[in-house]
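Dumped start.tsv below, it's TSV, C-alpha atoms:
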chain	number	residue	atom	x	y	z
Z	1	MET	CA	14.95	21.35	-8.73
Z	2	GLY	CA	11.41	20.31	-9.62
Z	3	ALA	CA	10.33	16.84	-10.63
Z	4	LEU	CA	8.95	16.00	-14.03
Z	5	HIS	CA	5.48	15.17	-12.74
Z	6	VAL	CA	3.54	13.36	-15.42
Z	7	GLY	CA	0.50	12.53	-13.36
Z	8	GLU	CA	-1.88	14.95	-11.67
Z	9	PRO	CA	0.37	17.67	-10.17
Z	10	ARG	CA	0.42	18.15	-6.43
Z	11	VAL	CA	0.13	21.58	-4.86
Z	12	SER	CA	3.61	23.05	-4.64
Z	13	PHE	CA	5.12	24.13	-1.32
Z	14	GLN	CA	5.26	27.73	-2.56
Z	15	GLN	CA	1.50	27.72	-3.17
Z	16	GLN	CA	0.87	26.22	0.25
Z	17	GLN	CA	3.10	28.70	2.04
Z	18	GLN	CA	1.09	31.63	0.70
Z	19	GLN	CA	-1.98	30.30	2.49
Z	20	VAL	CA	-0.39	29.55	5.86
Z	21	GLY	CA	-0.27	32.22	8.52
Z	22	LYS	CA	1.70	32.66	11.73
Z	23	ASN	CA	1.42	30.74	15.00
Z	24	GLY	CA	0.26	27.54	13.30
Z	25	GLN	CA	-2.87	29.21	11.89
Z	26	GLY	CA	-3.63	28.87	8.19
Z	27	HIS	CA	-5.47	31.78	6.55
Z	28	GLY	CA	-8.99	30.43	6.99
Z	29	HIS	CA	-7.82	26.88	7.76
Z	30	GLY	CA	-7.91	26.99	11.56
Z	31	ALA	CA	-5.50	25.35	13.98
Z	32	VAL	CA	-3.09	22.52	13.24
Z	33	VAL	CA	-4.70	19.24	14.32
Z	34	GLU	CA	-1.98	16.79	13.22
Z	35	GLU	CA	1.71	17.46	12.63
Z	36	ILE	CA	4.97	15.64	12.00
Z	37	HIS	CA	7.67	18.24	12.46
Z	38	GLY	CA	9.35	19.28	9.25
Z	39	LEU	CA	7.19	17.05	7.05
Z	40	ILE	CA	3.45	17.64	7.24
Z	41	LYS	CA	0.75	19.72	8.94
Z	42	VAL	CA	-2.98	19.05	8.78
Z	43	TYR	CA	-5.34	21.92	9.62
Z	44	ARG	CA	-8.77	21.83	11.21
Z	45	ASP	CA	-10.59	22.25	7.88
Z	46	GLY	CA	-8.60	19.40	6.28
Z	47	PHE	CA	-6.07	21.56	4.45
Z	48	VAL	CA	-2.73	19.71	4.18
Z	49	GLU	CA	0.65	21.43	4.11
Z	50	ARG	CA	3.65	19.29	3.09
Z	51	LEU	CA	7.07	20.78	3.77
Z	52	PRO	CA	10.06	20.48	1.39
Z	53	ALA	CA	12.13	18.17	3.59
Z	54	ILE	CA	13.62	16.36	0.60
Z	55	PRO	CA	13.76	17.84	-2.91
Z	56	ASP	CA	11.95	16.42	-5.89
Z	57	VAL	CA	14.30	15.77	-8.81
Z	58	PRO	CA	13.74	14.95	-12.48
Z	59	CYS	CA	14.48	11.52	-13.91
Z	60	THR	CA	17.69	12.85	-15.46
Z	61	TRP	CA	19.20	13.87	-12.10
Z	62	GLY	CA	22.10	12.38	-10.16
Z	63	THR	CA	23.18	8.83	-10.95
Z	64	THR	CA	21.18	8.71	-14.16
Z	65	ALA	CA	22.88	11.93	-15.32
Z	66	SER	CA	26.42	11.19	-14.14
Z	67	MET	CA	26.37	7.60	-15.44
Z	68	PRO	CA	24.06	7.67	-18.48
Z	69	GLY	CA	25.65	4.52	-19.84
Z	70	VAL	CA	24.78	2.61	-16.65
Z	71	VAL	CA	21.15	3.39	-15.78
Z	72	ILE	CA	18.36	4.96	-17.83
Z	73	ALA	CA	15.30	6.54	-16.15
Z	74	ARG	CA	12.07	8.01	-17.53
Z	75	ASP	CA	8.67	8.94	-16.10
Z	76	ALA	CA	5.36	7.45	-17.26
Z	77	VAL	CA	1.65	7.94	-16.59
Z	78	VAL	CA	0.00	4.97	-14.87
Z	79	ASP	CA	-3.52	6.27	-14.23
Z	80	ARG	CA	-4.59	9.75	-15.35
Z	81	ALA	CA	-7.83	9.59	-13.35
Z	82	THR	CA	-6.01	9.36	-9.99
Z	83	GLY	CA	-2.73	11.05	-10.94
Z	84	VAL	CA	-0.68	7.91	-10.28
Z	85	TRP	CA	2.59	7.82	-12.21
Z	86	ALA	CA	5.85	5.88	-12.10
Z	87	ARG	CA	9.55	6.45	-12.60
Z	88	LEU	CA	11.01	3.66	-14.70
Z	89	TYR	CA	14.65	2.56	-14.39
Z	90	ALA	CA	16.65	-0.01	-16.32
Z	91	PRO	CA	20.31	-0.93	-16.70
Z	92	ALA	CA	21.53	0.49	-19.98
Z	93	ALA	CA	23.41	-2.74	-20.68
Z	94	ALA	CA	20.28	-4.87	-20.38
Z	95	ALA	CA	19.40	-4.47	-24.04
Z	96	ALA	CA	22.62	-6.19	-25.06
Z	97	ALA	CA	22.86	-8.62	-22.14
Z	98	GLY	CA	19.26	-9.77	-22.28
Z	99	ARG	CA	16.11	-8.97	-20.37
Z	100	VAL	CA	16.21	-8.49	-16.58
Z	101	PRO	CA	13.74	-9.03	-13.69
Z	102	VAL	CA	11.28	-6.24	-12.83
Z	103	VAL	CA	10.93	-4.72	-9.34
Z	104	VAL	CA	7.71	-2.77	-8.65
Z	105	TYR	CA	8.74	-0.42	-5.84
Z	106	PHE	CA	6.66	1.66	-3.41
Z	107	HIS	CA	8.33	4.51	-1.51
Z	108	GLY	CA	8.04	5.07	2.22
Z	109	GLY	CA	6.64	8.03	4.16
Z	110	GLY	CA	3.95	6.71	6.46
Z	111	PHE	CA	1.42	6.80	3.57
Z	112	CYS	CA	1.35	10.59	4.07
Z	113	VAL	CA	4.56	12.02	2.58
Z	114	GLY	CA	7.13	11.00	0.00
Z	115	SER	CA	7.35	10.73	-3.76
Z	116	ALA	CA	8.94	8.64	-6.47
Z	117	ALA	CA	10.63	11.93	-7.40
Z	118	TRP	CA	12.32	12.44	-4.02
Z	119	SER	CA	16.07	12.64	-4.54
Z	120	CYS	CA	16.80	9.93	-1.94
Z	121	TYR	CA	14.57	7.39	-3.72
Z	122	HIS	CA	15.88	8.34	-7.14
Z	123	GLU	CA	19.45	7.68	-5.96
Z	124	PHE	CA	18.62	4.42	-4.17
Z	125	LEU	CA	16.59	2.92	-7.01
Z	126	ALA	CA	19.10	3.90	-9.67
Z	127	LYS	CA	21.69	2.01	-7.58
Z	128	LEU	CA	19.32	-0.93	-7.21
Z	129	ALA	CA	18.79	-1.13	-10.97
Z	130	ALA	CA	22.54	-0.98	-11.62
Z	131	ARG	CA	23.80	-3.28	-8.86
Z	132	ALA	CA	21.01	-5.84	-8.70
Z	133	GLY	CA	20.65	-5.92	-12.48
Z	134	CYS	CA	16.92	-5.27	-12.63
Z	135	ALA	CA	14.36	-2.93	-14.12
Z	136	VAL	CA	12.48	-0.83	-11.57
Z	137	MET	CA	8.99	0.69	-11.64
Z	138	SER	CA	8.88	3.23	-8.78
Z	139	VAL	CA	5.22	4.03	-8.15
Z	140	ASP	CA	4.01	7.48	-7.08
Z	141	TYR	CA	0.74	6.65	-5.33
Z	142	ARG	CA	-1.93	8.82	-3.69
Z	143	LEU	CA	-1.19	10.03	-0.16
Z	144	ALA	CA	-3.19	10.26	3.07
Z	145	PRO	CA	-4.90	12.01	4.76
Z	146	GLU	CA	-6.54	13.28	1.56
Z	147	ASN	CA	-6.66	9.69	0.32
Z	148	ARG	CA	-6.82	7.35	3.30
Z	149	LEU	CA	-6.18	3.64	3.04
Z	150	PRO	CA	-6.98	1.58	1.05
Z	151	ALA	CA	-6.19	4.19	-1.66
Z	152	ALA	CA	-2.46	3.34	-1.65
Z	153	PHE	CA	-3.22	-0.39	-1.87
Z	154	ASP	CA	-5.65	0.26	-4.73
Z	155	ASP	CA	-2.95	2.26	-6.53
Z	156	GLY	CA	-0.50	-0.61	-6.02
Z	157	VAL	CA	-2.89	-3.01	-7.74
Z	158	THR	CA	-3.42	-0.43	-10.49
Z	159	ALA	CA	0.35	-0.31	-11.00
Z	160	VAL	CA	0.49	-4.09	-11.44
Z	161	ARG	CA	-2.44	-3.92	-13.88
Z	162	TRP	CA	-0.53	-1.29	-15.88
Z	163	LEU	CA	2.55	-3.52	-15.87
Z	164	ARG	CA	0.47	-6.42	-17.18
Z	165	GLN	CA	-0.73	-4.19	-20.01
Z	166	GLN	CA	2.87	-3.29	-20.85
Z	167	ALA	CA	3.82	-6.97	-20.88
Z	168	ALA	CA	1.01	-7.72	-23.32
Z	169	ILE	CA	2.36	-5.17	-25.82
Z	170	SER	CA	6.04	-5.82	-25.18
Z	171	SER	CA	6.89	-5.85	-28.89
Z	172	ALA	CA	5.16	-2.54	-29.73
Z	173	ALA	CA	7.25	0.47	-30.72
Z	174	ASP	CA	6.37	3.54	-28.65
Z	175	GLU	CA	7.83	5.85	-25.99
Z	176	LEU	CA	8.10	2.96	-23.49
Z	177	SER	CA	9.56	0.31	-25.79
Z	178	TRP	CA	13.07	1.13	-24.49
Z	179	TRP	CA	11.98	-0.08	-21.02
Z	180	ARG	CA	9.73	-2.98	-21.99
Z	181	GLY	CA	12.48	-4.36	-24.21
Z	182	ARG	CA	14.69	-4.73	-21.11
Z	183	CYS	CA	12.06	-6.42	-18.89
Z	184	ARG	CA	11.46	-10.06	-18.05
Z	185	PHE	CA	7.80	-9.89	-17.16
Z	186	ASP	CA	7.83	-13.51	-16.01
Z	187	ARG	CA	10.11	-12.47	-13.11
Z	188	VAL	CA	8.32	-9.67	-11.25
Z	189	PHE	CA	9.01	-8.67	-7.64
Z	190	LEU	CA	6.99	-6.36	-5.39
Z	191	ALA	CA	9.08	-4.21	-3.07
Z	192	GLY	CA	9.10	-1.15	-0.87
Z	193	ASP	CA	10.40	0.37	2.33
Z	194	SER	CA	8.46	1.36	5.43
Z	195	ALA	CA	4.88	2.19	4.34
Z	196	GLY	CA	5.89	1.12	0.83
Z	197	ALA	CA	6.71	-2.35	2.16
Z	198	THR	CA	3.25	-2.44	3.75
Z	199	ILE	CA	1.76	-1.63	0.35
Z	200	ALA	CA	3.84	-4.39	-1.26
Z	201	PHE	CA	2.59	-6.90	1.34
Z	202	HIS	CA	-1.08	-6.04	0.89
Z	203	VAL	CA	-0.81	-5.91	-2.91
Z	204	ALA	CA	0.77	-9.38	-2.84
Z	205	ALA	CA	-2.16	-10.62	-0.74
Z	206	ARG	CA	-4.69	-9.07	-3.12
Z	207	LEU	CA	-3.00	-10.58	-6.15
Z	208	GLY	CA	-2.90	-13.96	-4.40
Z	209	HIS	CA	-6.64	-13.72	-3.89
Z	210	GLY	CA	-7.08	-13.10	-7.60
Z	211	GLN	CA	-8.09	-9.44	-7.55
Z	212	LEU	CA	-6.66	-8.99	-11.05
Z	213	GLY	CA	-7.57	-12.47	-12.21
Z	214	ALA	CA	-4.90	-14.24	-14.22
Z	215	LEU	CA	-1.67	-12.23	-14.18
Z	216	THR	CA	-0.27	-13.86	-17.32
Z	217	PRO	CA	2.11	-12.91	-18.85
Z	218	LEU	CA	3.27	-11.53	-15.50
Z	219	ASP	CA	4.59	-13.87	-12.83
Z	220	VAL	CA	5.16	-12.42	-9.35
Z	221	LYS	CA	8.10	-14.37	-7.94
Z	222	GLY	CA	8.59	-12.60	-4.62
Z	223	ALA	CA	8.18	-9.56	-2.37
Z	224	ILE	CA	10.95	-7.55	-0.71
Z	225	LEU	CA	9.85	-5.84	2.50
Z	226	ILE	CA	12.35	-3.28	3.78
Z	227	GLN	CA	11.56	-2.20	7.36
Z	228	PRO	CA	7.82	-2.81	6.81
Z	229	PHE	CA	5.62	-0.28	8.59
Z	230	PHE	CA	3.14	-2.20	10.71
Z	231	GLY	CA	1.73	-1.50	14.15
Z	232	GLY	CA	-0.64	-2.61	16.87
Z	233	GLU	CA	-2.32	-1.38	20.01
Z	234	THR	CA	-0.06	-3.58	22.16
Z	235	ARG	CA	3.49	-2.21	22.05
Z	236	THR	CA	6.48	-4.41	21.24
Z	237	ALA	CA	9.67	-4.22	23.30
Z	238	SER	CA	11.55	-2.28	20.62
Z	239	GLU	CA	8.68	0.21	20.29
Z	240	LYS	CA	8.75	0.82	24.04
Z	241	THR	CA	12.48	0.86	24.72
Z	242	MET	CA	14.50	1.44	21.53
Z	243	PRO	CA	16.26	4.83	21.96
Z	244	GLN	CA	16.06	7.06	18.88
Z	245	PRO	CA	18.69	9.69	18.05
Z	246	PRO	CA	17.67	13.28	17.26
Z	247	GLY	CA	16.31	13.47	13.73
Z	248	SER	CA	15.31	9.80	13.65
Z	249	ALA	CA	13.17	8.90	10.65
Z	250	LEU	CA	10.60	7.14	12.85
Z	251	THR	CA	9.71	7.54	16.50
Z	252	LEU	CA	6.76	5.98	18.29
Z	253	SER	CA	4.97	9.34	18.27
Z	254	THR	CA	5.41	9.86	14.52
Z	255	SER	CA	4.37	6.26	13.88
Z	256	ASP	CA	1.12	6.79	15.77
Z	257	THR	CA	0.48	10.06	13.92
Z	258	TYR	CA	0.98	8.44	10.52
Z	259	TRP	CA	-1.52	5.72	11.41
Z	260	ARG	CA	-4.09	8.25	12.66
Z	261	MET	CA	-3.81	10.13	9.36
Z	262	SER	CA	-3.85	7.10	7.08
Z	263	LEU	CA	-6.21	4.48	8.54
Z	264	PRO	CA	-9.97	4.82	7.99
Z	265	ALA	CA	-11.44	7.35	10.42
Z	266	GLY	CA	-12.07	5.76	13.79
Z	267	ALA	CA	-9.92	2.67	13.14
Z	268	THR	CA	-7.35	1.55	15.71
Z	269	ARG	CA	-3.85	0.20	15.13
Z	270	ASP	CA	-5.31	-3.31	15.38
Z	271	HIS	CA	-6.98	-2.80	12.02
Z	272	PRO	CA	-5.70	-5.63	9.75
Z	273	TRP	CA	-4.16	-3.12	7.33
Z	274	CYS	CA	-1.92	-2.01	10.20
Z	275	ASN	CA	-1.63	-5.29	12.10
Z	276	PRO	CA	-1.88	-8.28	9.72
Z	277	VAL	CA	-0.49	-10.72	12.30
Z	278	THR	CA	-2.72	-10.34	15.36
Z	279	GLY	CA	-5.11	-7.55	14.35
Z	280	ARG	CA	-8.86	-7.94	14.72
Z	281	GLY	CA	-10.26	-9.47	11.56
Z	282	ALA	CA	-6.84	-10.12	10.04
Z	283	PRO	CA	-6.95	-13.08	7.63
Z	284	ARG	CA	-5.01	-16.18	8.60
Z	285	LEU	CA	-1.57	-15.99	7.03
Z	286	ASP	CA	-1.62	-19.71	6.24
Z	287	ALA	CA	-4.76	-19.11	4.16
Z	288	LEU	CA	-3.19	-16.33	2.08
Z	289	PRO	CA	-1.62	-17.33	-1.25
Z	290	LEU	CA	1.60	-15.33	-0.98
Z	291	PRO	CA	4.89	-15.25	-2.92
Z	292	ASP	CA	8.35	-15.75	-1.41
Z	293	PHE	CA	9.45	-12.95	0.94
Z	294	LEU	CA	12.65	-11.19	1.92
Z	295	VAL	CA	12.20	-9.13	5.10
Z	296	CYS	CA	14.93	-6.54	5.72
Z	297	ILE	CA	15.20	-5.44	9.36
Z	298	SER	CA	17.22	-2.64	10.97
Z	299	GLU	CA	18.71	-3.40	14.37
Z	300	GLN	CA	18.04	0.08	15.80
Z	301	ASP	CA	14.58	0.54	14.29
Z	302	ILE	CA	11.58	0.80	16.63
Z	303	LEU	CA	9.89	-1.57	14.15
Z	304	ARG	CA	12.56	-4.26	14.65
Z	305	ASP	CA	10.47	-6.55	16.85
Z	306	ARG	CA	7.32	-6.08	14.80
Z	307	ASN	CA	9.28	-6.95	11.65
Z	308	LEU	CA	10.66	-10.06	13.35
Z	309	GLU	CA	7.10	-10.94	14.43
Z	310	LEU	CA	5.95	-10.77	10.80
Z	311	TYR	CA	8.90	-12.88	9.62
Z	312	ARG	CA	8.20	-15.57	12.24
Z	313	ALA	CA	4.46	-15.54	11.56
Z	314	LEU	CA	5.04	-16.04	7.83
Z	315	ARG	CA	7.36	-18.95	8.57
Z	316	ARG	CA	4.86	-20.55	10.95
Z	317	ALA	CA	2.22	-20.19	8.25
Z	318	GLY	CA	4.37	-22.24	5.89
Z	319	HIS	CA	5.49	-19.46	3.56
Z	320	SER	CA	8.97	-19.20	2.07
Z	321	VAL	CA	10.60	-16.23	3.81
Z	322	GLU	CA	14.13	-14.98	4.32
Z	323	GLN	CA	15.28	-12.23	6.65
Z	324	ALA	CA	18.32	-10.00	6.81
Z	325	THR	CA	19.18	-7.81	9.81
Z	326	TYR	CA	21.43	-4.76	9.48
Z	327	GLY	CA	23.45	-3.87	12.57
Z	328	GLY	CA	24.09	-0.38	13.85
Z	329	VAL	CA	21.46	1.36	11.74
Z	330	GLY	CA	17.84	2.42	12.11
Z	331	HIS	CA	14.77	3.13	10.03
Z	332	ALA	CA	15.27	4.22	6.40
Z	333	PHE	CA	19.08	4.25	6.68
Z	334	GLN	CA	19.41	3.15	3.05
Z	335	VAL	CA	17.72	6.27	1.68
Z	336	LEU	CA	18.43	8.91	4.36
Z	337	HIS	CA	22.07	7.92	5.13
Z	338	ASN	CA	21.50	9.09	8.71
Z	339	TYR	CA	23.82	6.59	10.45
Z	340	HIS	CA	27.59	6.34	10.17
Z	341	LEU	CA	27.23	2.74	8.95
Z	342	SER	CA	24.56	3.61	6.36
Z	343	GLN	CA	26.81	3.24	3.33
Z	344	PRO	CA	28.24	-0.24	4.04
Z	345	ARG	CA	24.86	-1.50	5.26
Z	346	THR	CA	23.21	-0.21	2.08
Z	347	GLN	CA	25.73	-2.17	0.04
Z	348	GLU	CA	24.85	-5.28	2.07
Z	349	MET	CA	21.15	-4.69	1.45
Z	350	LEU	CA	21.64	-4.31	-2.30
Z	351	ALA	CA	23.63	-7.56	-2.31
Z	352	HIS	CA	20.86	-9.36	-0.39
Z	353	ILE	CA	18.20	-8.08	-2.79
Z	354	LYS	CA	20.29	-9.12	-5.78
Z	355	ALA	CA	20.75	-12.63	-4.35
Z	356	PHE	CA	17.02	-12.95	-3.56
Z	357	VAL	CA	16.01	-11.87	-7.06
Z	358	SER	CA	18.70	-13.89	-8.83
Z	359	ALA	CA	17.57	-17.10	-7.09
Z	360	ARG	CA	14.08	-16.72	-8.56

Spell out the structure here as structure tokens.
Amino acid sequence: MGALHVGEPRVSFQQQQQQVGKNGQGHGHGAVVEEIHGLIKVYRDGFVERLPAIPDVPCTWGTTASMPGVVIARDAVVDRATGVWARLYAPAAAAAAGRVPVVVYFHGGGFCVGSAAWSCYHEFLAKLAARAGCAVMSVDYRLAPENRLPAAFDDGVTAVRWLRQQAAISSAADELSWWRGRCRFDRVFLAGDSAGATIAFHVAARLGHGQLGALTPLDVKGAILIQPFFGGETRTASEKTMPQPPGSALTLSTSDTYWRMSLPAGATRDHPWCNPVTGRGAPRLDALPLPDFLVCISEQDILRDRNLELYRALRRAGHSVEQATYGGVGHAFQVLHNYHLSQPRTQEMLAHIKAFVSAR
């Protein structure tokens, strides 16, 4: 089932398959130079093949179709020039119950794969809107390696700029008035999982430094970092020793490959975009004007120790930060449901997010 893409369309898998030959050779593209099995191949000439690991779905699919009286979802153009778009969610009851906080969400995928239209994100964010009682703007940003960092961070700032524009015309009657009328723009939260959490962190830092100037009438109250995807040249204990089951969403090898494909050419994992705690040239955390944080950590994730390192560094720097650890599950459990405890742990996570948002 195809997504209702409202931004610049991506090349479909069917189109890509017609150009890819046998034995890893693309017709005229040369050998595969980077690959994450089942997700992405990059050929010598720069051609990128993304595989259909998870289906794209329209905004009317799944939860939003089976419970139309609970959550409403629609797609909207954010920036026609770059093809950035967003899927907007809101509790149907919000119009009667009053306006609700807004969560600006960035999907995961190592900056290289993923979409706001992926079925797993559509399901998770529809649940988040319903159970946490919030409106959600799920941003479909540009992907690496075609658009290396900082493209995703730039798109995150563009999304916040678009949201500020919507807040300024909140009383206008148009195709988005249904969503704006449910939003409390003075209670905005940045959020994401994996690479999306990394985007949320760096967008928060940029906003704190005034990249968009005055955000009024927006007010960013906090940032929710779910298994944030950071790295470094020096390995943590969990990166070195955490066993990963077959089909794990993130291994050390895939982590390294994502960073090679997404960082500026020639950069190491100690680049501050990858390693904001101890990376070379990373700004001091105590000098960054940052919002409150909730850091969500998975016990069996190779990123566990790096996530704990970020949490502790933020605390040492004097920032308000909470952390929640989820036992018996690994990376991306809340969207991939790849652990037997995924369902109850996802319910715990939704409850933690609701409490964090409700307190602000």

Checklist entry - Nearest to Val100 of chain Z: which of Z:Val357, Z:Leu51, Z:Ile72, Z:Ala31 is it, counting all atoms listed in the file? => result Z:Val357

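Note that atom CA of Leu88 of chain Z and atom CA of Asp75 of chain Z are 5.9 Å apart.
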
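Nearest to Leu263 of chain Z of all the residues Z:Phe106, Z:Phe356, Z:Phe333, Z:Phe153 is Z:Phe153, based on only C-alpha atoms.
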
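Between atom CA of Ala168 of chain Z and atom CA of Pro101 of chain Z the separation is 16.0 Å.
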
Checklist entry - Hey, what's within 9 Å of His107 of chain Z if we count only C-alpha atoms and toss same-chain stuff fewer than 5 positions away? As a list of chain:residue names, please? => result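 Within the cut-off, the hits are Z:Gly114, Z:Ser115, Z:Ala116, Z:Tyr121, Z:Ser138, Z:Val139, Z:Asp140, Z:Tyr141, Z:Ala191, Z:Gly192, Z:Asp193, Z:Ser194, Z:Ala195, Z:Gly196, Z:Ala197.
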
Keeping only C-alpha atoms, write the selected residues as a CSV table (one decimal), in the frame of the given file.
chain,number,residue,atom,x,y,z
Z,114,GLY,CA,7.1,11.0,0.0
Z,115,SER,CA,7.4,10.7,-3.8
Z,116,ALA,CA,8.9,8.6,-6.5
Z,121,TYR,CA,14.6,7.4,-3.7
Z,138,SER,CA,8.9,3.2,-8.8
Z,139,VAL,CA,5.2,4.0,-8.2
Z,140,ASP,CA,4.0,7.5,-7.1
Z,141,TYR,CA,0.7,6.6,-5.3
Z,191,ALA,CA,9.1,-4.2,-3.1
Z,192,GLY,CA,9.1,-1.2,-0.9
Z,193,ASP,CA,10.4,0.4,2.3
Z,194,SER,CA,8.5,1.4,5.4
Z,195,ALA,CA,4.9,2.2,4.3
Z,196,GLY,CA,5.9,1.1,0.8
Z,197,ALA,CA,6.7,-2.4,2.2

Item to check | Nearest to Val136 of chain Z, chosen from Z:Gly181, Z:Pro289, Z:Gly330, Z:Pro91, with only C-alpha atoms counted in the distances | outcome: Z:Pro91

Checklist entry - Quick one: residues within 9 Å of segment 277-279 of chain Z, only C-alpha atoms counted, chain neighbours fewer than 2 positions away excluded, as a PyMOL selection string? => result chain Z and resi 232-233+269-275+281-285+309-310+313-314

Checklist entry - Expressed in Å to a single decimal, how great is the separation between atom CA of Leu225 of chain Z and atom CA of Arg345 of chain Z? => result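 Taking atom CA of Leu225 of chain Z and atom CA of Arg345 of chain Z, their separation equals 15.9 Å.
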
Checklist entry - Using all atoms listed in the file, which of Z:Asp305, Z:Glu35, Z:Asp154, Z:Asp186 sits nearest Arg360 of chain Z? => result Z:Asp186

At most 12 Å from (2.4, -8.4, -15.8), file frame, all atoms listed in the file: which residues, as a PDB file with C-alpha atoms, keeping the file's coordinate frame?
ATOM      1  CA  PRO Z 101      13.740  -9.030 -13.690  1.00  0.00           C
ATOM      2  CA  VAL Z 102      11.280  -6.240 -12.830  1.00  0.00           C
ATOM      3  CA  VAL Z 103      10.930  -4.720  -9.340  1.00  0.00           C
ATOM      4  CA  VAL Z 104       7.710  -2.770  -8.650  1.00  0.00           C
ATOM      5  CA  MET Z 137       8.990   0.690 -11.640  1.00  0.00           C
ATOM      6  CA  VAL Z 157      -2.890  -3.010  -7.740  1.00  0.00           C
ATOM      7  CA  THR Z 158      -3.420  -0.430 -10.490  1.00  0.00           C
ATOM      8  CA  ALA Z 159       0.350  -0.310 -11.000  1.00  0.00           C
ATOM      9  CA  VAL Z 160       0.490  -4.090 -11.440  1.00  0.00           C
ATOM     10  CA  ARG Z 161      -2.440  -3.920 -13.880  1.00  0.00           C
ATOM     11  CA  TRP Z 162      -0.530  -1.290 -15.880  1.00  0.00           C
ATOM     12  CA  LEU Z 163       2.550  -3.520 -15.870  1.00  0.00           C
ATOM     13  CA  ARG Z 164       0.470  -6.420 -17.180  1.00  0.00           C
ATOM     14  CA  GLN Z 165      -0.730  -4.190 -20.010  1.00  0.00           C
ATOM     15  CA  GLN Z 166       2.870  -3.290 -20.850  1.00  0.00           C
ATOM     16  CA  ALA Z 167       3.820  -6.970 -20.880  1.00  0.00           C
ATOM     17  CA  ALA Z 168       1.010  -7.720 -23.320  1.00  0.00           C
ATOM     18  CA  ILE Z 169       2.360  -5.170 -25.820  1.00  0.00           C
ATOM     19  CA  SER Z 170       6.040  -5.820 -25.180  1.00  0.00           C
ATOM     20  CA  ARG Z 180       9.730  -2.980 -21.990  1.00  0.00           C
ATOM     21  CA  CYS Z 183      12.060  -6.420 -18.890  1.00  0.00           C
ATOM     22  CA  ARG Z 184      11.460 -10.060 -18.050  1.00  0.00           C
ATOM     23  CA  PHE Z 185       7.800  -9.890 -17.160  1.00  0.00           C
ATOM     24  CA  ASP Z 186       7.830 -13.510 -16.010  1.00  0.00           C
ATOM     25  CA  ARG Z 187      10.110 -12.470 -13.110  1.00  0.00           C
ATOM     26  CA  VAL Z 188       8.320  -9.670 -11.250  1.00  0.00           C
ATOM     27  CA  PHE Z 189       9.010  -8.670  -7.640  1.00  0.00           C
ATOM     28  CA  LEU Z 190       6.990  -6.360  -5.390  1.00  0.00           C
ATOM     29  CA  LEU Z 207      -3.000 -10.580  -6.150  1.00  0.00           C
ATOM     30  CA  LEU Z 212      -6.660  -8.990 -11.050  1.00  0.00           C
ATOM     31  CA  GLY Z 213      -7.570 -12.470 -12.210  1.00  0.00           C
ATOM     32  CA  ALA Z 214      -4.900 -14.240 -14.220  1.00  0.00           C
ATOM     33  CA  LEU Z 215      -1.670 -12.230 -14.180  1.00  0.00           C
ATOM     34  CA  THR Z 216      -0.270 -13.860 -17.320  1.00  0.00           C
ATOM     35  CA  PRO Z 217       2.110 -12.910 -18.850  1.00  0.00           C
ATOM     36  CA  LEU Z 218       3.270 -11.530 -15.500  1.00  0.00           C
ATOM     37  CA  ASP Z 219       4.590 -13.870 -12.830  1.00  0.00           C
ATOM     38  CA  VAL Z 220       5.160 -12.420  -9.350  1.00  0.00           C
ATOM     39  CA  LYS Z 221       8.100 -14.370  -7.940  1.00  0.00           C
TER      40      LYS Z 221
END

Item to check | Near-Arg148 of chain Z list (8 Å; only C-alpha atoms; drop same-chain fewer than 4 positions) as a VMD selection string | outcome: chain Z and resid 143 to 144 152 261 to 264
